[in-house]
>>> print(open('protein17.tsv').read())   # TSV, C-alpha atoms
chain	number	residue	atom	x	y	z
A	15	MET	CA	-15.11	-5.72	-5.61
A	16	SER	CA	-18.15	-6.21	-3.40
A	17	ARG	CA	-19.62	-3.40	-1.35
A	18	SER	CA	-18.59	-5.07	1.92
A	19	VAL	CA	-15.00	-5.34	0.77
A	20	LEU	CA	-14.93	-1.71	-0.26
A	21	LEU	CA	-16.30	-0.67	3.09
A	22	CYS	CA	-13.73	-2.70	5.00
A	23	ALA	CA	-10.67	-2.08	2.83
A	24	THR	CA	-7.85	-0.41	4.76
A	25	LEU	CA	-4.97	-0.06	2.34
A	26	ALA	CA	-4.59	-3.82	2.76
A	27	LEU	CA	-3.23	-2.96	6.17
A	28	GLY	CA	-5.94	-4.73	8.11
A	29	PRO	CA	-5.08	-7.60	10.43
A	30	GLY	CA	-5.27	-10.14	7.62
A	31	CYS	CA	-2.68	-8.29	5.53
A	32	LYS	CA	-0.42	-6.79	8.15
A	33	SER	CA	3.17	-7.31	7.27
A	34	MET	CA	5.94	-8.99	8.96
A	35	GLU	CA	8.13	-8.73	11.96
A	36	PRO	CA	11.84	-9.34	11.96
A	37	LYS	CA	13.73	-12.53	12.00
A	38	PRO	CA	17.28	-13.05	10.79
A	39	THR	CA	16.20	-16.14	8.83
A	40	PRO	CA	13.48	-16.49	6.18
A	41	PRO	CA	9.99	-17.52	7.35
A	42	SER	CA	9.18	-21.20	7.13
A	43	ASP	CA	8.01	-22.09	3.62
A	44	GLY	CA	9.27	-18.65	2.64
A	45	THR	CA	10.86	-17.60	-0.60
A	46	PRO	CA	14.50	-16.70	0.07
A	47	SER	CA	15.10	-13.00	-0.32
A	48	PRO	CA	17.84	-12.04	-2.78
A	49	ASN	CA	20.89	-10.10	-1.66
A	50	GLN	CA	20.50	-11.02	2.01
A	51	GLY	CA	23.56	-10.16	4.04
A	52	ALA	CA	25.37	-7.32	5.69
A	53	GLY	CA	24.56	-4.82	2.97
A	54	THR	CA	26.30	-1.52	2.45
A	55	VAL	CA	26.13	2.03	3.67
A	56	SER	CA	26.86	4.93	1.33
A	57	THR	CA	27.93	8.50	1.86
A	58	PRO	CA	26.82	11.45	-0.25
A	59	ASP	CA	28.19	11.81	-3.74
A	60	ALA	CA	27.58	14.01	-6.75
A	61	ALA	CA	24.72	11.81	-7.91
A	62	THR	CA	22.59	13.03	-5.02
A	63	THR	CA	22.38	16.55	-6.46
A	64	ASP	CA	20.01	17.44	-9.28
A	65	ALA	CA	20.75	20.96	-10.49
A	66	SER	CA	18.26	20.74	-13.35
A	67	GLY	CA	15.27	21.70	-11.23
A	68	PRO	CA	14.48	24.87	-9.28
A	69	GLU	CA	15.83	25.32	-5.78
A	70	THR	CA	13.48	24.01	-3.10
A	71	ALA	CA	13.03	25.21	0.42
A	72	THR	CA	15.52	23.98	3.00
A	73	PRO	CA	13.82	21.77	5.59
A	74	ALA	CA	13.46	23.25	9.03
A	75	GLN	CA	15.80	21.90	11.68
A	76	GLY	CA	13.85	20.22	14.47
A	77	THR	CA	13.75	17.31	16.85
A	78	SER	CA	12.27	14.91	14.29
A	79	PRO	CA	14.74	13.39	11.81
A	80	TRP	CA	12.10	14.02	9.13
A	81	GLN	CA	12.75	17.74	9.58
A	82	ARG	CA	16.41	17.11	8.70
A	83	ALA	CA	15.68	14.93	5.67
A	84	ARG	CA	17.94	15.32	2.64
A	85	VAL	CA	17.35	14.56	-1.00
A	86	GLY	CA	19.08	11.23	-1.59
A	87	ASP	CA	18.41	9.69	1.84
A	88	ARG	CA	17.62	6.08	1.02
A	89	VAL	CA	17.03	2.66	2.55
A	90	THR	CA	16.92	-0.59	0.60
A	91	TYR	CA	15.57	-3.97	1.71
A	92	ALA	CA	15.57	-7.41	0.18
A	93	PHE	CA	11.98	-8.64	0.31
A	94	SER	CA	10.08	-11.85	-0.34
A	95	ALA	CA	6.50	-13.02	-0.01
A	96	ASN	CA	4.89	-16.35	-0.84
A	97	ARG	CA	1.66	-18.18	-0.29
A	98	SER	CA	0.84	-21.88	-0.71
A	99	GLN	CA	-2.07	-24.24	-0.22
A	100	PRO	CA	-1.80	-27.54	1.69
A	101	GLY	CA	-1.37	-30.55	-0.59
A	102	ALA	CA	-3.93	-33.33	-0.90
A	103	ARG	CA	-4.27	-35.62	2.13
A	104	GLY	CA	-1.82	-33.65	4.19
A	105	GLY	CA	0.95	-33.78	1.58
A	106	THR	CA	3.54	-31.13	0.72
A	107	ASN	CA	2.27	-27.60	0.38
A	108	VAL	CA	1.55	-26.53	-3.17
A	109	PRO	CA	2.98	-23.08	-4.04
A	110	SER	CA	0.35	-20.72	-5.43
A	111	ALA	CA	2.16	-17.37	-5.60
A	112	ALA	CA	5.57	-15.92	-4.79
A	113	VAL	CA	7.57	-12.75	-5.34
A	114	ALA	CA	11.07	-11.67	-4.31
A	115	GLY	CA	13.29	-8.73	-5.04
A	116	VAL	CA	14.45	-5.38	-3.67
A	117	VAL	CA	12.39	-2.44	-2.41
A	118	THR	CA	13.80	1.07	-2.08
A	119	VAL	CA	12.41	4.04	-0.16
A	120	GLU	CA	14.19	7.28	-1.08
A	121	VAL	CA	13.80	11.00	-0.45
A	122	VAL	CA	13.35	12.55	-3.90
A	123	ALA	CA	12.47	16.13	-2.87
A	124	VAL	CA	12.14	18.27	0.24
A	125	LYS	CA	9.92	21.32	0.53
A	126	ALA	CA	8.96	22.02	4.13
A	127	PRO	CA	6.81	20.77	5.65
A	128	TRP	CA	6.79	17.96	3.04
A	129	VAL	CA	9.36	15.26	2.38
A	130	TRP	CA	8.66	13.55	-0.94
A	131	LEU	CA	9.43	9.84	-1.10
A	132	GLY	CA	9.79	7.46	-4.00
A	133	VAL	CA	8.90	3.80	-3.37
A	134	SER	CA	10.04	1.27	-5.96
A	135	PHE	CA	10.29	-2.51	-6.30
A	136	SER	CA	12.61	-4.42	-8.61
A	137	GLY	CA	14.13	-7.84	-9.18
A	138	ASP	CA	17.79	-8.84	-9.23
A	139	GLY	CA	20.00	-6.25	-10.86
A	140	GLY	CA	17.14	-3.77	-11.13
A	141	ALA	CA	15.11	-5.94	-13.51
A	142	PRO	CA	11.35	-5.23	-13.52
A	143	LEU	CA	9.15	-7.63	-11.62
A	144	PRO	CA	6.34	-9.51	-13.42
A	145	GLN	CA	3.76	-8.60	-10.75
A	146	LEU	CA	1.57	-5.80	-12.12
A	147	ARG	CA	1.09	-4.14	-8.71
A	148	LEU	CA	4.85	-3.67	-8.32
A	149	ALA	CA	5.54	-2.49	-11.86
A	150	ARG	CA	5.74	1.28	-11.22
A	151	SER	CA	7.61	3.59	-8.86
A	152	LEU	CA	5.17	5.33	-6.53
A	153	VAL	CA	5.22	8.83	-5.01
A	154	LEU	CA	4.46	9.50	-1.34
A	155	PRO	CA	4.43	12.99	0.28
A	156	MET	CA	5.34	12.65	3.98
A	157	ARG	CA	4.59	15.51	6.37
A	158	SER	CA	7.61	16.30	8.53
A	159	ASP	CA	6.12	18.56	11.18
A	160	GLU	CA	3.94	17.41	14.08
A	161	THR	CA	0.16	17.74	13.92
A	162	ARG	CA	-0.70	14.92	16.35
A	163	LYS	CA	0.93	12.31	18.56
A	164	LEU	CA	1.98	9.22	16.60
A	165	GLU	CA	3.17	5.94	18.10
A	166	ALA	CA	3.73	2.43	16.78
A	167	ALA	CA	1.96	-0.23	18.81
A	168	ARG	CA	4.59	-2.98	18.71
A	169	LYS	CA	3.20	-6.24	20.00
A	170	GLY	CA	4.86	-9.35	21.34
A	171	VAL	CA	7.64	-10.50	23.65
A	172	GLN	CA	10.55	-8.06	23.69
A	173	SER	CA	14.26	-8.89	23.74
A	174	THR	CA	17.45	-6.91	23.11
A	175	GLU	CA	20.20	-7.97	20.74
A	176	GLN	CA	22.96	-6.73	18.48
A	177	LEU	CA	22.94	-6.96	14.70
A	178	THR	CA	25.75	-6.21	12.28
A	179	ALA	CA	24.34	-4.88	9.01
A	180	VAL	CA	25.20	-2.26	6.35
A	181	GLY	CA	28.68	-1.81	7.79
A	182	ARG	CA	27.78	-1.08	11.41
A	183	THR	CA	26.61	-2.78	14.59
A	184	TRP	CA	23.12	-1.90	15.75
A	185	GLU	CA	21.74	-2.13	19.26
A	186	ALA	CA	18.27	-3.42	18.56
A	187	LYS	CA	15.04	-4.58	20.11
A	188	ARG	CA	13.10	-7.57	18.80
A	189	TYR	CA	9.34	-7.99	19.10
A	190	LEU	CA	8.12	-11.58	18.68
A	191	ASN	CA	4.35	-12.03	18.48
A	192	ASP	CA	3.45	-15.71	18.10
A	193	GLN	CA	-0.25	-16.35	17.45
A	194	ARG	CA	0.08	-19.87	16.02
A	195	MET	CA	-1.75	-21.37	19.01
A	196	VAL	CA	-4.92	-19.67	17.73
A	197	ASP	CA	-4.26	-20.23	14.01
A	198	GLY	CA	-2.66	-16.82	13.67
A	199	PRO	CA	0.72	-15.81	12.22
A	200	GLN	CA	4.08	-15.61	13.91
A	201	GLU	CA	5.38	-12.07	13.49
A	202	SER	CA	8.88	-10.87	14.28
A	203	ARG	CA	10.25	-7.33	14.03
A	204	LEU	CA	13.76	-6.07	14.78
A	205	TYR	CA	14.13	-2.31	15.28
A	206	ALA	CA	17.26	-0.26	15.92
A	207	ILE	CA	17.04	1.44	19.30
A	208	ASP	CA	18.67	4.49	17.71
A	209	PRO	CA	17.24	4.61	14.16
A	210	GLY	CA	19.76	7.14	12.86
A	211	PRO	CA	19.67	7.01	9.03
A	212	LEU	CA	16.90	4.39	9.21
A	213	TYR	CA	14.37	7.08	10.17
A	214	LEU	CA	12.58	6.49	6.83
A	215	THR	CA	11.31	3.13	8.11
A	216	ASN	CA	11.24	3.87	11.84
A	217	GLY	CA	14.51	2.03	12.44
A	218	LEU	CA	13.47	-1.32	10.95
A	219	LEU	CA	16.34	-3.78	10.48
A	220	ASP	CA	14.43	-6.95	9.69
A	221	ALA	CA	10.82	-8.13	9.57
A	222	SER	CA	9.17	-11.46	8.94
A	223	THR	CA	5.76	-13.06	9.15
A	224	THR	CA	5.03	-16.78	8.98
A	225	LEU	CA	1.43	-17.76	8.26
A	226	ALA	CA	-0.30	-20.53	10.17
A	227	GLY	CA	-3.78	-22.02	10.09
A	228	PHE	CA	-6.82	-21.43	7.86
A	229	GLY	CA	-5.46	-23.74	5.18
A	230	VAL	CA	-2.78	-21.30	4.01
A	231	ALA	CA	0.99	-21.47	4.45
A	232	GLY	CA	3.80	-19.12	3.52
A	233	GLY	CA	5.03	-15.77	4.74
A	234	SER	CA	6.95	-12.62	3.93
A	235	GLN	CA	10.15	-10.85	4.91
A	236	LEU	CA	12.16	-7.62	4.73
A	237	THR	CA	15.94	-7.56	5.33
A	238	LEU	CA	17.98	-4.35	5.32
A	239	THR	CA	20.69	-4.33	2.61
A	240	GLU	CA	21.66	-0.67	2.14
A	241	VAL	CA	21.49	2.74	3.78
A	242	ARG	CA	22.47	5.92	1.95
A	243	GLN	CA	22.55	9.51	3.16
A	244	GLY	CA	22.03	12.38	0.75
A	245	GLY	CA	24.26	15.40	0.28
A	246	ALA	CA	23.69	18.52	2.35
A	247	ASP	CA	23.23	20.67	-0.77
A	248	ALA	CA	21.21	18.19	-2.84
A	249	SER	CA	17.91	19.51	-4.18
A	250	ALA	CA	15.20	18.51	-6.62
A	251	PRO	CA	11.70	19.75	-7.49
A	252	PRO	CA	8.74	17.88	-5.99
A	253	PRO	CA	7.48	15.15	-8.33
A	254	THR	CA	4.00	15.09	-9.81
A	255	MET	CA	1.32	12.95	-8.20
A	256	ALA	CA	0.48	10.96	-11.34
A	257	LEU	CA	1.31	7.63	-9.63
A	258	PRO	CA	0.70	8.05	-5.90
A	259	MET	CA	1.15	5.19	-3.45
A	260	GLY	CA	-1.85	6.60	-1.59
A	261	PRO	CA	-0.95	9.30	0.94
A	262	GLY	CA	-1.78	12.76	-0.33
A	263	THR	CA	-4.87	11.56	-2.21
A	264	TRP	CA	-8.59	10.96	-1.78
A	265	PHE	CA	-11.22	9.04	-3.72
A	266	ASP	CA	-15.01	8.66	-3.59
A	267	ILE	CA	-17.02	5.46	-3.93
A	268	HIS	CA	-20.74	5.85	-4.65
A	269	MET	CA	-22.83	3.14	-2.98
A	270	ASP	CA	-26.47	2.27	-3.56
A	271	SER	CA	-28.13	-0.37	-1.41
A	272	GLY	CA	-31.88	-0.84	-1.62
A	273	GLY	CA	-32.34	2.56	-3.25
A	274	THR	CA	-30.43	4.43	-0.53
A	275	PRO	CA	-27.44	6.21	-2.08
A	276	SER	CA	-24.37	7.39	-0.18
A	277	VAL	CA	-20.74	8.26	-0.89
A	278	MET	CA	-17.76	6.80	0.95
A	279	ARG	CA	-14.77	9.14	0.85
A	280	THR	CA	-11.34	7.68	1.58
A	281	CYS	CA	-8.64	10.15	2.59
A	282	MET	CA	-5.00	9.10	2.81
A	283	GLY	CA	-2.08	10.94	4.37
A	284	ALA	CA	1.35	10.36	5.90
A	285	GLU	CA	3.27	12.00	8.70
A	286	ARG	CA	6.69	11.37	10.28
A	287	GLY	CA	6.99	7.73	9.20
A	288	PHE	CA	3.33	6.73	9.44
A	289	VAL	CA	0.60	6.25	6.85
A	290	LEU	CA	-2.85	7.59	7.77
A	291	ARG	CA	-6.15	6.44	6.29
A	292	LEU	CA	-9.63	7.71	7.07
A	293	GLN	CA	-13.06	6.85	5.65
A	294	SER	CA	-16.33	8.71	6.04
A	295	ALA	CA	-19.75	8.09	4.51
A	296	GLU	CA	-22.21	10.83	3.61
A	297	PRO	CA	-25.72	10.60	2.22
A	298	GLY	CA	-25.91	12.00	-1.28
A	299	GLU	CA	-22.81	13.69	-2.68
A	300	PRO	CA	-20.01	15.48	-0.76
A	301	ALA	CA	-20.31	19.27	-0.68
A	302	SER	CA	-18.62	20.85	-3.68
A	303	GLY	CA	-15.79	23.25	-2.97
A	304	ALA	CA	-15.15	21.86	0.52
A	305	GLU	CA	-11.64	20.87	1.56
A	306	PRO	CA	-11.48	17.17	0.64
A	307	CYS	CA	-9.46	15.93	3.64
A	308	PRO	CA	-9.56	18.54	6.43
A	309	ASP	CA	-8.71	16.34	9.44
A	310	PHE	CA	-6.70	13.16	10.09
A	311	SER	CA	-6.93	13.32	13.89
A	312	GLN	CA	-9.02	10.13	14.05
A	313	ALA	CA	-7.02	8.15	11.48
A	314	GLU	CA	-5.17	5.09	12.76
A	315	PRO	CA	-1.42	5.40	12.07
A	316	VAL	CA	0.30	2.51	10.29
A	317	PRO	CA	4.13	2.44	10.18
A	318	LEU	CA	5.47	3.13	6.70
A	319	GLU	CA	7.47	-0.10	6.67
A	320	GLU	CA	4.27	-2.09	7.27
A	321	ALA	CA	2.56	-0.29	4.41
A	322	VAL	CA	5.49	-1.01	2.08
A	323	LEU	CA	5.56	-4.69	3.00
A	324	SER	CA	1.81	-4.89	2.47
A	325	LEU	CA	2.33	-3.78	-1.13
A	326	ALA	CA	4.50	-6.85	-1.71
A	327	TRP	CA	1.96	-9.11	0.01
A	328	GLU	CA	-0.93	-7.68	-2.03
A	329	ALA	CA	0.98	-8.43	-5.23
A	330	LEU	CA	0.33	-12.13	-4.60
A	331	ASP	CA	-3.39	-11.49	-5.09
A	332	THR	CA	-2.97	-10.25	-8.66
A	333	GLN	CA	-1.77	-13.27	-10.61
A	334	GLN	CA	-3.79	-12.16	-13.63
A	335	TRP	CA	-5.58	-8.98	-14.58
A	336	PRO	CA	-8.40	-8.51	-14.28
A	337	PRO	CA	-9.29	-11.15	-11.67
A	338	GLN	CA	-11.30	-14.03	-13.12
A	339	PRO	CA	-13.71	-15.71	-10.69
A	340	ALA	CA	-15.16	-19.13	-11.44
A	341	ARG	CA	-18.05	-19.33	-13.92
A	342	THR	CA	-16.97	-16.28	-15.86
A	343	GLY	CA	-16.13	-16.00	-19.51
A	344	PRO	CA	-13.65	-13.70	-21.20
A	345	ALA	CA	-13.76	-10.08	-20.12
A	346	MET	CA	-15.47	-7.65	-22.51
A	347	ARG	CA	-13.51	-4.54	-23.46
A	348	GLY	CA	-15.13	-1.10	-23.43
A	349	THR	CA	-14.82	2.54	-22.34
A	350	GLN	CA	-16.15	4.19	-19.19
A	351	GLU	CA	-16.41	7.88	-18.27
A	352	LEU	CA	-14.67	8.57	-14.95
A	353	ASN	CA	-13.79	11.90	-13.37
A	354	GLY	CA	-13.94	13.63	-16.74
A	355	HIS	CA	-11.71	11.03	-18.40
A	356	LYS	CA	-12.49	8.16	-20.71
A	357	VAL	CA	-10.98	5.01	-19.20
A	358	SER	CA	-10.45	1.77	-21.11
A	359	VAL	CA	-12.12	-0.98	-19.08
A	360	LEU	CA	-12.65	-4.73	-18.97
A	361	GLN	CA	-16.03	-6.03	-17.80
A	362	ARG	CA	-16.93	-9.43	-16.36
A	363	GLU	CA	-20.40	-10.82	-15.74
A	364	THR	CA	-21.35	-13.74	-13.48
A	365	PRO	CA	-24.81	-15.27	-12.84
A	366	GLU	CA	-26.18	-14.85	-9.30
A	367	ASP	CA	-29.32	-15.70	-7.39
A	368	VAL	CA	-31.14	-12.60	-6.10
A	369	GLY	CA	-33.72	-13.69	-3.54
A	370	GLY	CA	-34.83	-16.63	-5.63
A	371	THR	CA	-34.82	-14.62	-8.86
A	372	ARG	CA	-32.27	-15.01	-11.60
A	373	GLY	CA	-29.69	-12.26	-11.49
A	374	ALA	CA	-26.23	-11.23	-12.58
A	375	ARG	CA	-23.27	-9.36	-11.16
A	376	VAL	CA	-21.38	-7.04	-13.52
A	377	VAL	CA	-17.90	-5.96	-12.44
A	378	THR	CA	-15.72	-3.47	-14.32
A	379	TYR	CA	-11.94	-3.04	-13.99
A	380	ALA	CA	-9.43	-0.68	-15.55
A	381	ALA	CA	-7.91	-2.44	-18.55
A	382	ASP	CA	-4.55	-1.00	-17.49
A	383	PRO	CA	-4.46	0.07	-13.81
A	384	TRP	CA	-1.49	2.34	-14.57
A	385	ASP	CA	-3.16	4.15	-17.50
A	386	ALA	CA	-2.60	7.91	-17.65
A	387	SER	CA	-6.38	8.48	-17.50
A	388	LEU	CA	-6.20	7.46	-13.82
A	389	ALA	CA	-3.52	10.03	-12.93
A	390	GLY	CA	-3.68	10.98	-9.25
A	391	LEU	CA	-5.63	7.88	-8.19
A	392	ALA	CA	-4.25	5.97	-5.19
A	393	GLN	CA	-2.65	2.61	-5.98
A	394	GLU	CA	-5.22	0.88	-3.78
A	395	ALA	CA	-8.17	2.09	-5.86
A	396	ARG	CA	-6.51	1.27	-9.19
A	397	PHE	CA	-6.60	-2.43	-8.30
A	398	GLN	CA	-10.19	-2.49	-7.07
A	399	ALA	CA	-13.24	-2.79	-9.26
A	400	LEU	CA	-14.19	0.55	-10.80
A	401	SER	CA	-17.83	-0.55	-10.55
A	402	ASP	CA	-19.64	-3.58	-9.12
A	403	THR	CA	-23.40	-3.88	-9.68
A	404	LEU	CA	-25.85	-6.66	-8.81
A	405	PHE	CA	-28.87	-6.87	-11.12
A	406	ARG	CA	-32.16	-8.70	-10.87
A	407	ALA	CA	-32.56	-10.26	-14.34
A	408	PRO	CA	-35.99	-11.88	-14.81
A	409	GLN	CA	-36.61	-13.91	-17.93
A	410	ARG	CA	-38.99	-11.20	-19.12
A	411	GLY	CA	-38.43	-7.50	-18.68
A	412	LYS	CA	-35.48	-5.20	-18.13
A	413	ARG	CA	-32.65	-5.73	-15.69
A	414	GLU	CA	-33.14	-3.95	-12.38
A	415	PRO	CA	-30.11	-2.87	-10.28
A	416	VAL	CA	-30.35	-4.15	-6.70
A	417	ASP	CA	-27.22	-2.61	-5.22
A	418	GLY	CA	-23.80	-1.57	-6.34
A	419	THR	CA	-20.66	0.49	-5.91
A	420	ARG	CA	-18.69	2.61	-8.33
A	421	LEU	CA	-15.70	4.93	-8.28
A	422	VAL	CA	-16.97	8.43	-9.02
A	423	ASP	CA	-14.22	10.92	-8.16
A	424	TRP	CA	-10.65	11.31	-6.89
A	425	GLY	CA	-7.90	13.87	-6.46
A	426	THR	CA	-4.97	15.10	-4.39
A	427	TRP	CA	-5.20	17.26	-1.28
A	428	VAL	CA	-1.57	18.16	-0.47
A	429	PRO	CA	-1.10	21.89	-1.26
A	430	GLY	CA	0.63	22.54	-4.56
A	431	THR	CA	0.24	19.02	-5.93
A	432	LYS	CA	-1.34	17.93	-9.14
A	433	PRO	CA	-1.42	14.64	-11.07
>>> encode(input="protein17.tsv", output="structure tokens")
Amino acid sequence: MSRSVLLCATLALGPGCKSMEPKPTPPSDGTPSPNQGAGTVSTPDAATTDASGPETATPAQGTSPWQRARVGDRVTYAFSANRSQPGARGGTNVPSAAVAGVVTVEVVAVKAPWVWLGVSFSGDGGAPLPQLRLARSLVLPMRSDETRKLEAARKGVQSTEQLTAVGRTWEAKRYLNDQRMVDGPQESRLYAIDPGPLYLTNGLLDASTTLAGFGVAGGSQLTLTEVRQGGADASAPPPTMALPMGPGTWFDIHMDSGGTPSVMRTCMGAERGFVLRLQSAEPGEPASGAEPCPDFSQAEPVPLEEAVLSLAWEALDTQQWPPQPARTGPAMRGTQELNGHKVSVLQRETPEDVGGTRGARVVTYAADPWDASLAGLAQEARFQALSDTLFRAPQRGKREPVDGTRLVDWGTWVPGTKP
């Protein structure tokens, strides 16, 4: 991935990737979501208790529903996302990528002030999805106490309506943000006025986005299908951070442009239903022994449901692994030393012009983004290039690096966690 992309990446939660707002019907040109309908609501049962692990701390009672979270609290949504290109001479759109299935967000452990979530995607009947990005269940530690004010900026025309779903009638507010007049998307979100057991996703009942303009059609959608509340006495030990969604982790990208080195540190957190992401660049290397992510006060909060839907949307970008740009041959397999681990990698090389001189760009990817050697690395960074270097390659003489980026370090910052 190019240096500019690495600098601008925001957990794929930037304006171009922001997920969808609610609509009771699928987006135009959308892939129908499976299992759409009223859904079900469950009450606690014996399956919510895991007595095999040590007893964990009881969450403090407070005004936030996150402080009353129980192991086994769960919400499930049918989801779909698709993208297509316009056909020749204004003909029918040509599908280029699509995915549909079920996504579940569940409380898997509680140890104040942390609520540990599992985020998983699957197809019909729990079958695995073919999309590599959605192949594993991810861990997300969510802070339940308040360290800063957090609000969702919901845009668009507001209206109030009722929706019957998962066995109850919800008083809800819809936000419709239609940007098609300026080649933007139409986004719709439907939120319960009283979230109740939907606190995990800030009360979201339904969300959809329909793309428009820029030569791309398609959209994405979430539709609530199940709500489950855990048992009062359920407990489980916190999971390891081997496969984190992102919050609770940090990673460093070393950048060298024109001989000027710097390190971009990305810190990711989550608090009371919001994902937080912060980047900072430092000349040279970060100070050793310093707290990796001391402050999220300036991080922009993104609602958890938007982050989850973005994962489905991003999956459309990974139709093959590693990515294969035009004019590239087969990837070369090798090994790269990263963070004290040897990582199996695939390397691609493409010719490039460097100021009128022949050059080449060499990009390296993890051969398997879910390999155990990358334990503790945020999902976002697993699917970026591990290194991306532009060389000046004259006909005579050695290659000279012009600029480049490479992943150099990562870890977890939540107390008591380890990959």
>>> atom_distance(input="protein17.tsv", atom1="atom CA of Lys169 of chain A", atom2="atom CA of Val289 of chain A")
18.3 Å
>>> residues_near_point(input="protein17.tsv", point="(16.6, 12.1, 0.6)", cutoff="9 Å", atoms="all atoms listed in the file", output="ChimeraX atom specification")
/A:62,83-88,120-124,129-131,242-245,248-249
>>> closest_residue(input="protein17.tsv", among="A:Leu148, A:Ala226, A:Leu257, A:Met346", to="Met195 of chain A", atoms="all atoms listed in the file")
A:Ala226
>>> residues_around(input="protein17.tsv", residues="segment 154-158 of chain A", least_positions_apart="5", cutoff="7 Å", atoms="only C-alpha atoms", output="list in words")
Trp80, Gln81, Pro127, Trp128, Val129, Trp130, Leu131, Gly132, Pro258, Met259, Gly260, Pro261, Gly262, Ala284, Glu285 and Arg286 of chain A
>>> residues_around(input="protein17.tsv", residues="segment 325-335 of chain A", least_positions_apart="2", cutoff="9 Å", atoms="all atoms listed in the file", output="ChimeraX atom specification")
/A:25-26,31-33,93-97,110-114,135,145-148,233-234,320-323,337-338,379,381-382,397
>>> closest_residue(input="protein17.tsv", among="A:Ile267, A:Ala141, A:Leu318, A:Val230", to="Leu214 of chain A", atoms="all atoms listed in the file")
A:Leu318
>>> axis_aligned_box(input="protein17.tsv", around="segment 401-404 of chain A", padding_each_side="8 Å", output="lines of an AutoDock Vina configuration file")
center_x = -21.8
center_y = -3.6
center_z = -9.7
size_x = 24.0
size_y = 22.1
size_z = 17.7
>>> closest_atom_pairs(input="protein17.tsv", of="segment 225-322 of chain A", to="segment 403-416 of chain A", cutoff="8 Å", atoms="only C-alpha atoms", output="JSON lines")
{"residue": "A:Ser271", "atom": "CA", "partner": "A:Val416", "partner_atom": "CA", "distance": 6.9}
{"residue": "A:Gly272", "atom": "CA", "partner": "A:Val416", "partner_atom": "CA", "distance": 6.3}
{"residue": "A:Gly273", "atom": "CA", "partner": "A:Val416", "partner_atom": "CA", "distance": 7.8}
>>> closest_residue(input="protein17.tsv", among="A:Thr431, A:Gln393, A:Ser302, A:Thr224", to="Gly198 of chain A", atoms="all atoms listed in the file")
A:Thr224
>>> closest_residue(input="protein17.tsv", among="A:Gly229, A:Gly354, A:Gly390, A:Gly170", to="Asn191 of chain A", atoms="all atoms listed in the file")
A:Gly170
>>> atom_distance(input="protein17.tsv", atom1="atom CA of Cys307 of chain A", atom2="atom CA of Val428 of chain A")
9.2 Å
